[in-house]
>>> print(open('my_file.csv').read())   # CSV, C-alpha atoms
chain,number,residue,atom,x,y,z
A,1,MET,CA,94.5,91.2,89.0
A,2,ILE,CA,94.4,93.4,86.0
A,3,TRP,CA,97.7,95.0,86.9
A,4,ALA,CA,99.3,91.5,87.3
A,5,LYS,CA,98.1,90.6,83.9
A,6,GLN,CA,99.9,93.6,82.5
A,7,GLY,CA,103.2,92.2,83.9
A,8,ILE,CA,103.4,94.4,87.0
A,9,GLU,CA,104.9,92.6,90.0
A,10,ILE,CA,102.2,92.4,92.7
A,11,LEU,CA,102.5,91.5,96.3
A,12,LEU,CA,99.1,91.2,98.0
A,13,CYS,CA,99.4,91.7,101.8
A,14,GLY,CA,96.5,90.7,104.0
A,15,ASN,CA,96.0,91.0,107.7
A,16,ASN,CA,94.3,87.7,108.1
A,17,SER,CA,97.0,85.0,107.8
A,18,ALA,CA,94.5,82.2,107.5
A,19,ARG,CA,92.8,83.8,104.6
A,20,ILE,CA,96.2,84.5,102.9
A,21,GLU,CA,97.1,80.8,103.2
A,22,GLN,CA,93.7,79.8,101.8
A,23,LEU,CA,94.3,82.2,98.9
A,24,ARG,CA,97.7,80.8,98.3
A,25,THR,CA,96.3,77.3,98.1
A,26,SER,CA,93.1,77.9,96.1
A,27,ARG,CA,93.9,81.1,94.3
A,28,GLU,CA,90.3,82.2,94.9
A,29,ASN,CA,88.9,84.6,97.5
A,30,LYS,CA,85.7,82.8,98.2
A,31,ALA,CA,84.6,85.4,100.8
A,32,TYR,CA,84.9,88.5,98.7
A,33,LEU,CA,85.4,87.6,95.1
A,34,PRO,CA,84.1,84.1,94.4
A,35,GLY,CA,84.6,82.4,91.1
A,36,ILE,CA,87.6,84.5,90.2
A,37,ASN,CA,91.1,82.9,90.0
A,38,LEU,CA,94.0,85.0,91.1
A,39,PRO,CA,96.9,85.1,88.5
A,40,LYS,CA,100.0,83.1,89.5
A,41,ALA,CA,101.9,86.4,89.2
A,42,ILE,CA,100.3,87.7,92.4
A,43,ASP,CA,102.4,86.8,95.4
A,44,LEU,CA,100.8,86.7,98.9
A,45,THR,CA,101.9,87.5,102.4
A,46,SER,CA,100.6,88.4,105.8
A,47,ASP,CA,103.9,90.0,106.9
A,48,ILE,CA,103.6,93.8,106.4
A,49,ARG,CA,107.4,94.1,106.5
A,50,ALA,CA,107.5,92.5,103.0
A,51,CYS,CA,106.1,95.8,101.6
A,52,VAL,CA,109.1,97.9,102.6
A,53,ASP,CA,110.8,97.9,99.2
A,54,ALA,CA,107.7,98.6,97.1
A,55,ASP,CA,107.7,101.6,94.7
A,56,LEU,CA,103.9,101.8,94.9
A,57,ILE,CA,101.8,100.9,97.9
A,58,VAL,CA,98.1,100.6,97.3
A,59,PHE,CA,95.8,100.8,100.3
A,60,VAL,CA,92.5,98.8,99.9
A,61,THR,CA,91.6,98.1,103.6
A,62,PRO,CA,88.2,99.0,105.1
A,63,SER,CA,88.2,102.7,106.0
A,64,THR,CA,87.9,101.9,109.7
A,65,ALA,CA,91.2,99.9,109.5
A,66,LEU,CA,93.3,102.3,107.5
A,67,ARG,CA,94.9,104.3,110.4
A,68,GLU,CA,95.9,101.1,112.3
A,69,SER,CA,97.3,99.5,109.1
A,70,ALA,CA,99.2,102.7,108.1
A,71,VAL,CA,100.7,103.0,111.6
A,72,ARG,CA,102.0,99.4,111.4
A,73,LEU,CA,103.4,100.0,108.0
A,74,ALA,CA,105.1,103.2,109.1
A,75,GLU,CA,107.0,101.2,111.7
A,76,THR,CA,108.7,99.2,109.0
A,77,LYS,CA,110.5,102.1,107.4
A,78,ILE,CA,109.2,101.9,103.9
A,79,ASN,CA,111.0,103.0,100.7
A,80,PRO,CA,111.3,106.8,101.1
A,81,GLY,CA,110.4,107.2,97.4
A,82,ALA,CA,107.3,105.0,97.5
A,83,VAL,CA,104.0,106.5,96.2
A,84,LEU,CA,101.0,105.7,98.5
A,85,LEU,CA,97.8,105.2,96.6
A,86,SER,CA,94.5,105.1,98.4
A,87,CYS,CA,91.6,103.3,96.8
A,88,ILE,CA,89.5,103.4,100.0
A,89,LYS,CA,86.1,105.1,100.0
A,90,GLY,CA,85.4,106.5,103.5
A,91,ILE,CA,85.6,109.3,106.0
A,92,GLU,CA,87.1,108.8,109.4
A,93,HIS,CA,84.6,108.8,112.3
A,94,GLY,CA,85.3,111.5,114.9
A,95,THR,CA,87.9,113.5,112.9
A,96,GLY,CA,86.1,113.8,109.6
A,97,LYS,CA,89.4,113.1,107.8
A,98,ARG,CA,89.6,111.7,104.3
A,99,MET,CA,91.8,108.7,103.7
A,100,SER,CA,94.6,110.7,102.1
A,101,GLU,CA,94.7,113.0,105.1
A,102,ILE,CA,95.3,110.1,107.4
A,103,LEU,CA,98.1,108.8,105.1
A,104,ALA,CA,99.6,112.3,104.9
A,105,GLU,CA,99.5,112.6,108.7
A,106,ILE,CA,101.4,109.3,109.2
A,107,PHE,CA,103.7,109.5,106.1
A,108,PRO,CA,104.3,113.3,105.8
A,109,ARG,CA,107.2,112.9,103.3
A,110,GLN,CA,105.6,110.5,100.9
A,111,PRO,CA,103.6,111.5,97.7
A,112,ILE,CA,99.9,110.6,98.3
A,113,ALA,CA,97.6,109.6,95.5
A,114,VAL,CA,93.9,108.6,95.4
A,115,LEU,CA,91.9,106.6,92.9
A,116,SER,CA,88.1,106.5,92.8
A,117,GLY,CA,85.2,105.9,90.4
A,118,PRO,CA,82.6,103.4,89.3
A,119,ASN,CA,84.9,100.4,89.8
A,120,LEU,CA,82.8,97.5,91.2
A,121,ALA,CA,85.3,94.7,91.9
A,122,ALA,CA,83.1,91.9,90.5
A,123,GLU,CA,83.2,93.6,87.1
A,124,VAL,CA,86.8,94.9,87.1
A,125,SER,CA,88.1,91.5,88.0
A,126,ARG,CA,86.4,90.1,84.9
A,127,GLU,CA,88.0,92.8,82.8
A,128,LEU,CA,84.8,94.4,81.8
A,129,PRO,CA,85.4,98.0,80.6
A,130,THR,CA,85.5,100.7,83.2
A,131,ALA,CA,86.9,104.2,83.8
A,132,THR,CA,88.3,105.7,87.0
A,133,VAL,CA,90.0,109.0,88.1
A,134,LEU,CA,93.3,109.4,89.8
A,135,ALA,CA,94.9,112.5,91.5
A,136,CYS,CA,98.1,112.9,93.4
A,137,THR,CA,99.7,115.5,95.6
A,138,ARG,CA,102.4,115.8,92.9
A,139,ALA,CA,100.8,116.2,89.4
A,140,GLU,CA,103.7,114.7,87.5
A,141,ILE,CA,103.3,111.4,89.5
A,142,ALA,CA,99.5,111.3,88.6
A,143,ALA,CA,100.5,111.3,85.0
A,144,GLU,CA,103.1,108.6,85.6
A,145,LEU,CA,100.6,106.4,87.4
A,146,GLN,CA,98.0,107.0,84.7
A,147,LYS,CA,100.4,105.6,82.1
A,148,TYR,CA,101.7,102.7,84.4
A,149,LEU,CA,98.3,101.5,85.7
A,150,SER,CA,95.9,102.0,82.7
A,151,THR,CA,94.9,99.0,80.7
A,152,PRO,CA,92.8,98.6,77.6
A,153,ARG,CA,89.8,97.8,79.8
A,154,PHE,CA,90.7,100.0,82.8
A,155,ARG,CA,90.8,103.6,81.6
A,156,ILE,CA,92.3,106.1,84.0
A,157,TYR,CA,91.7,109.8,83.9
A,158,THR,CA,93.7,112.2,86.0
A,159,GLY,CA,92.0,114.7,88.2
A,160,GLU,CA,93.2,118.0,89.6
A,161,GLU,CA,92.2,117.7,93.3
A,162,LEU,CA,92.1,114.9,95.8
A,163,VAL,CA,89.4,116.3,98.0
A,164,GLY,CA,86.4,116.0,95.7
A,165,ILE,CA,87.6,112.7,94.3
A,166,GLU,CA,87.7,111.1,97.7
A,167,LEU,CA,84.5,112.7,99.0
A,168,GLY,CA,82.5,111.6,95.9
A,169,GLY,CA,83.6,108.0,96.4
A,170,ALA,CA,82.8,108.1,100.1
A,171,LEU,CA,79.5,109.9,100.1
A,172,LYS,CA,77.9,107.9,97.3
A,173,ASN,CA,77.9,104.8,99.6
A,174,VAL,CA,75.5,106.6,102.0
A,175,PHE,CA,73.1,107.4,99.1
A,176,ALA,CA,73.4,103.8,97.8
A,177,ILE,CA,71.9,102.6,101.1
A,178,ALA,CA,68.9,104.9,100.6
A,179,ALA,CA,68.6,103.6,97.0
A,180,GLY,CA,68.7,100.0,98.2
A,181,ALA,CA,66.0,100.7,100.8
A,182,GLY,CA,63.8,102.0,98.0
A,183,ASP,CA,64.4,98.8,96.1
A,184,GLY,CA,63.5,96.8,99.2
A,185,LEU,CA,60.2,98.8,99.5
A,186,GLY,CA,59.5,98.2,95.8
A,187,LEU,CA,59.3,102.0,95.0
A,188,GLY,CA,60.3,101.6,91.3
A,189,ASP,CA,62.6,103.3,88.9
A,190,ASN,CA,61.0,106.8,88.9
A,191,SER,CA,61.6,106.9,92.7
A,192,LYS,CA,65.2,105.8,92.4
A,193,ALA,CA,65.9,108.3,89.6
A,194,ALA,CA,64.6,111.1,91.7
A,195,LEU,CA,66.6,109.9,94.7
A,196,VAL,CA,69.8,109.7,92.8
A,197,THR,CA,69.3,113.2,91.3
A,198,ARG,CA,68.7,114.7,94.7
A,199,ALA,CA,71.5,112.7,96.2
A,200,LEU,CA,73.9,114.4,93.7
A,201,ALA,CA,72.5,117.8,94.8
A,202,GLU,CA,73.2,116.8,98.4
A,203,MET,CA,76.7,115.5,97.6
A,204,LEU,CA,77.4,118.9,95.9
A,205,ARG,CA,76.3,120.8,99.0
A,206,ILE,CA,78.2,118.9,101.6
A,207,GLY,CA,81.2,118.0,99.4
A,208,THR,CA,81.9,121.6,98.5
A,209,LYS,CA,81.6,122.7,102.1
A,210,MET,CA,84.1,120.0,103.0
A,211,GLY,CA,86.6,121.5,100.4
A,212,GLY,CA,85.9,119.7,97.2
A,213,GLU,CA,85.6,121.5,93.9
A,214,LEU,CA,82.1,121.6,92.3
A,215,ARG,CA,83.0,120.2,88.9
A,216,THR,CA,84.7,117.1,90.5
A,217,PHE,CA,81.4,115.8,91.8
A,218,TYR,CA,80.0,115.8,88.3
A,219,GLY,CA,82.7,113.4,87.2
A,220,LEU,CA,83.5,109.7,87.6
A,221,SER,CA,84.1,109.7,91.4
A,222,GLY,CA,80.9,111.7,92.0
A,223,ALA,CA,78.0,111.2,89.6
A,224,GLY,CA,79.6,108.2,87.9
A,225,ASP,CA,80.2,106.2,91.1
A,226,LEU,CA,76.8,107.3,92.5
A,227,ILE,CA,75.0,105.9,89.5
A,228,ALA,CA,76.9,102.6,89.6
A,229,THR,CA,76.5,102.0,93.3
A,230,CYS,CA,72.9,103.0,93.5
A,231,PHE,CA,71.8,100.7,90.7
A,232,SER,CA,74.2,97.7,90.7
A,233,GLN,CA,73.3,94.3,92.1
A,234,HIS,CA,77.0,94.0,93.0
A,235,SER,CA,76.9,97.0,95.4
A,236,ARG,CA,77.2,96.0,99.1
A,237,ASN,CA,75.8,99.3,100.1
A,238,ARG,CA,72.7,99.1,97.9
A,239,LYS,CA,72.2,95.6,99.2
A,240,THR,CA,72.5,96.8,102.8
A,241,GLY,CA,69.6,99.2,102.2
A,242,GLU,CA,67.5,96.5,100.5
A,243,LEU,CA,68.0,94.1,103.4
A,244,LEU,CA,67.2,96.9,105.9
A,245,ALA,CA,63.9,97.4,104.1
A,246,HIS,CA,63.2,93.6,104.4
A,247,GLY,CA,63.6,93.9,108.2
A,248,ARG,CA,67.1,92.5,108.6
A,249,SER,CA,69.3,93.8,111.4
A,250,LEU,CA,72.8,95.2,110.7
A,251,ASP,CA,74.4,92.1,112.3
A,252,LYS,CA,72.4,89.8,110.0
A,253,ILE,CA,73.3,92.0,107.0
A,254,ALA,CA,77.0,91.8,107.9
A,255,SER,CA,76.8,88.0,108.0
A,256,VAL,CA,75.1,87.9,104.6
A,257,LEU,CA,77.6,90.3,103.0
A,258,GLY,CA,80.6,88.8,104.8
A,259,THR,CA,81.7,92.3,105.8
A,260,VAL,CA,80.4,95.7,106.9
A,261,ALA,CA,79.4,97.9,104.0
A,262,GLU,CA,81.5,101.1,103.9
A,263,GLY,CA,78.3,103.3,103.8
A,264,ILE,CA,77.5,102.3,107.4
A,265,PRO,CA,80.4,104.0,109.2
A,266,THR,CA,80.6,106.8,106.5
A,267,THR,CA,76.9,107.7,107.2
A,268,GLN,CA,77.9,108.5,110.8
A,269,SER,CA,80.9,110.5,109.7
A,270,ALA,CA,78.9,112.4,107.0
A,271,TYR,CA,76.1,113.1,109.5
A,272,GLU,CA,78.6,114.6,112.0
A,273,CYS,CA,80.3,116.7,109.3
A,274,ALA,CA,76.9,118.0,108.1
A,275,ARG,CA,76.0,119.1,111.6
A,276,LYS,CA,79.4,120.8,112.1
A,277,LEU,CA,79.2,122.6,108.7
A,278,GLN,CA,75.5,123.4,109.1
A,279,VAL,CA,74.6,121.8,105.7
A,280,ASP,CA,71.1,120.6,104.9
A,281,THR,CA,71.4,116.9,104.1
A,282,PRO,CA,67.9,115.3,104.3
A,283,ILE,CA,68.9,112.0,102.6
A,284,ILE,CA,72.0,111.5,104.8
A,285,ASP,CA,69.9,112.3,107.8
A,286,GLN,CA,67.3,109.7,107.0
A,287,VAL,CA,69.9,107.0,106.3
A,288,TYR,CA,71.5,107.9,109.7
A,289,SER,CA,68.1,107.4,111.3
A,290,LEU,CA,67.7,104.0,109.7
A,291,LEU,CA,71.1,102.8,110.8
A,292,TYR,CA,71.5,104.4,114.2
A,293,GLN,CA,68.0,105.4,115.4
A,294,GLN,CA,66.0,102.3,114.3
A,295,LYS,CA,63.7,104.3,112.1
A,296,SER,CA,61.7,102.2,109.7
A,297,PRO,CA,62.6,102.5,105.9
A,298,ALA,CA,58.9,103.2,105.1
A,299,ARG,CA,58.8,106.0,107.7
A,300,ALA,CA,62.1,107.5,106.4
A,301,MET,CA,60.8,107.5,102.8
A,302,GLU,CA,57.5,109.2,103.9
A,303,GLU,CA,59.4,111.9,105.7
A,304,LEU,CA,61.6,112.6,102.6
A,305,MET,CA,58.6,112.8,100.3
A,306,GLY,CA,56.7,114.9,102.9
A,307,ARG,CA,59.3,117.7,103.0
A,308,ASP,CA,58.2,121.3,102.0
A,309,GLN,CA,57.8,121.8,98.3
A,310,LYS,CA,60.5,124.1,96.8
A,311,ALA,CA,62.3,125.1,93.6
A,312,GLU,CA,64.8,122.5,92.2
A,313,ILE,CA,68.4,123.6,93.0
A,314,ILE,CA,71.4,121.5,92.0
>>> encode(input="my_file.csv", output="structure tokens")
Amino acid sequence: MIWAKQGIEILLCGNNSARIEQLRTSRENKAYLPGINLPKAIDLTSDIRACVDADLIVFVTPSTALRESAVRLAETKINPGAVLLSCIKGIEHGTGKRMSEILAEIFPRQPIAVLSGPNLAAEVSRELPTATVLACTRAEIAAELQKYLSTPRFRIYTGEELVGIELGGALKNVFAIAAGAGDGLGLGDNSKAALVTRALAEMLRIGTKMGGELRTFYGLSGAGDLIATCFSQHSRNRKTGELLAHGRSLDKIASVLGTVAEGIPTTQSAYECARKLQVDTPIIDQVYSLLYQQKSPARAMEELMGRDQKAEII
């Protein structure tokens, strides 16, 4: 929406043809972005072949759908000079691969870029001021994209490495579920501040073990996105934790949200990566137990608070 308003030609390609037709008629995505009208400059299609001539292809699918979508796109023989930009925040289950790694595997000759940060769609679409960070496998392209995609209300910083930018954006969703569970239990602001601080420490431990640079996690895609997602009423992941604390099942939560929050599959992936890398991740472990072992939120919080006392290490 913000790029279309800057005069950039946009083609929005969706997998659900019925939703695309509804969008074409109403110009409003009532399921995911209610109350926001799509600019007329945005064209719509459900035919992935329509993307073949694009200079920039932006991936915004659920993380669990990226591989399938990318394989289908690869079959169309896209523009060999096209830049592929991932805005997806997740880690692939089973492989532990980041989204850019999946794209590089399927499109080995294309430049791959990533964008991440505290960019809640409900606010970005209303053109409320925000900042984000972008990195690319070719540094000169990152600078070009920064100039091309930045707007007066959407400030883009360039980053030096894809790994930490992607991992910060993915892992914060897990911690937002924990923050939401604390909200649902009525634990207060002191509790949430402590949780977010220790979540950052945990993000640093596992993120650096997975190849990210330490300083990246202190930036927009790490600390910035962590703060926004843990505190925002717009966050699906925070809302998931809150509803879990209210006794809702995951199926019920998905029906309320209209989609599965990214933190749910990412929790499983992060838990597996932590085991493989032998990293201590008490918050991730407790969120995993909430989602996949039916532990109660109250019990999980008690176990976190009951851990052995030790020195603070960030």
>>> residues_around(input="my_file.csv", residues="Ala74 in chain A", least_positions_apart="4", cutoff="9 Å", atoms="all atoms listed in the file", output="list in words")
Ser69, Ala70, Ile78, Ile106 and Phe107 of chain A
>>> closest_residue(input="my_file.csv", among="A:His246, A:His93, A:Val256, A:Arg275", to="Gly186 in chain A", atoms="only C-alpha atoms")
A:His246
>>> atom_distance(input="my_file.csv", atom1="CA of Ala122 in chain A", atom2="CA of Leu291 in chain A")
26.0 Å
>>> residues_around(input="my_file.csv", residues="Leu56 in chain A", least_positions_apart="3", cutoff="12 Å", atoms="all atoms listed in the file", output="list of chain:residue names")
A:Ile8, A:Glu9, A:Ile10, A:Leu11, A:Cys51, A:Val52, A:Asp53, A:Phe59, A:Ile78, A:Asn79, A:Pro80, A:Gly81, A:Ala82, A:Val83, A:Leu84, A:Leu85, A:Ser86, A:Gln110, A:Pro111, A:Ile112, A:Ala113, A:Ile141, A:Glu144, A:Leu145, A:Tyr148, A:Leu149
>>> closest_residue(input="my_file.csv", among="A:Gly14, A:Gly168, A:Gly247, A:Pro108", to="Ile48 in chain A", atoms="all atoms listed in the file")
A:Gly14
>>> residues_near_point(input="my_file.csv", point="(69.4, 122.7, 103.6)", cutoff="10 Å", atoms="all atoms listed in the file", output="list of chain:residue names")
A:Glu202, A:Arg205, A:Ile206, A:Ala274, A:Gln278, A:Val279, A:Asp280, A:Thr281, A:Pro282
>>> closest_residue(input="my_file.csv", among="A:Asn119, A:Thr259, A:Thr45, A:Ser249", to="Lys295 in chain A", atoms="only C-alpha atoms")
A:Ser249
>>> atom_distance(input="my_file.csv", atom1="CA of Gly224 in chain A", atom2="CA of Arg299 in chain A")
28.8 Å
>>> closest_residue(input="my_file.csv", among="A:Gly184, A:Thr216, A:His234, A:Lys77", to="Arg248 in chain A", atoms="only C-alpha atoms")
A:Gly184
>>> closest_residue(input="my_file.csv", among="A:Leu304, A:Ile227, A:Ala143, A:Val114", to="Thr197 in chain A", atoms="all atoms listed in the file")
A:Ile227
>>> atom_distance(input="my_file.csv", atom1="CA of Lys97 in chain A", atom2="CA of Ala54 in chain A")
25.7 Å
>>> closest_residue(input="my_file.csv", among="A:Arg98, A:Arg215, A:Arg19, A:Lys40", to="Leu66 in chain A", atoms="only C-alpha atoms")
A:Arg98
>>> residues_around(input="my_file.csv", residues="Asn29 in chain A", least_positions_apart="3", cutoff="12 Å", atoms="only C-alpha atoms", output="PyMOL selection string")
chain A and resi 14+18-26+32-38+122+125+258
>>> residues_near_point(input="my_file.csv", point="(68.7, 104.5, 100.2)", cutoff="10 Å", atoms="all atoms listed in the file", output="short mmCIF file (atom, residue, chain, number, x, y, z; two decimals) with C-alpha atoms, in the frame of the given file")
data_model
loop_
_atom_site.label_atom_id
_atom_site.label_comp_id
_atom_site.auth_asym_id
_atom_site.auth_seq_id
_atom_site.Cartn_x
_atom_site.Cartn_y
_atom_site.Cartn_z
CA ASN A 173 77.90 104.80 99.60
CA VAL A 174 75.50 106.60 102.00
CA PHE A 175 73.10 107.40 99.10
CA ALA A 176 73.40 103.80 97.80
CA ILE A 177 71.90 102.60 101.10
CA ALA A 178 68.90 104.90 100.60
CA ALA A 179 68.60 103.60 97.00
CA GLY A 180 68.70 100.00 98.20
CA ALA A 181 66.00 100.70 100.80
CA GLY A 182 63.80 102.00 98.00
CA ASP A 183 64.40 98.80 96.10
CA GLY A 184 63.50 96.80 99.20
CA LYS A 192 65.20 105.80 92.40
CA LEU A 195 66.60 109.90 94.70
CA VAL A 196 69.80 109.70 92.80
CA ALA A 199 71.50 112.70 96.20
CA CYS A 230 72.90 103.00 93.50
CA ASN A 237 75.80 99.30 100.10
CA ARG A 238 72.70 99.10 97.90
CA LYS A 239 72.20 95.60 99.20
CA THR A 240 72.50 96.80 102.80
CA GLY A 241 69.60 99.20 102.20
CA GLU A 242 67.50 96.50 100.50
CA LEU A 244 67.20 96.90 105.90
CA ALA A 245 63.90 97.40 104.10
CA ILE A 283 68.90 112.00 102.60
CA ILE A 284 72.00 111.50 104.80
CA GLN A 286 67.30 109.70 107.00
CA VAL A 287 69.90 107.00 106.30
CA LEU A 290 67.70 104.00 109.70
CA PRO A 297 62.60 102.50 105.90
CA ALA A 300 62.10 107.50 106.40
CA MET A 301 60.80 107.50 102.80
#
>>> residues_around(input="my_file.csv", residues="Ile2 in chain A", least_positions_apart="6", cutoff="8 Å", atoms="all atoms listed in the file", output="mmCIF file with C-alpha atoms, in the frame of the given file")
data_model
loop_
_atom_site.group_PDB
_atom_site.id
_atom_site.type_symbol
_atom_site.label_atom_id
_atom_site.label_comp_id
_atom_site.auth_asym_id
_atom_site.auth_seq_id
_atom_site.Cartn_x
_atom_site.Cartn_y
_atom_site.Cartn_z
ATOM 1 C CA VAL A 124 86.800 94.900 87.100
ATOM 2 C CA SER A 125 88.100 91.500 88.000
ATOM 3 C CA GLU A 127 88.000 92.800 82.800
ATOM 4 C CA THR A 151 94.900 99.000 80.700
#
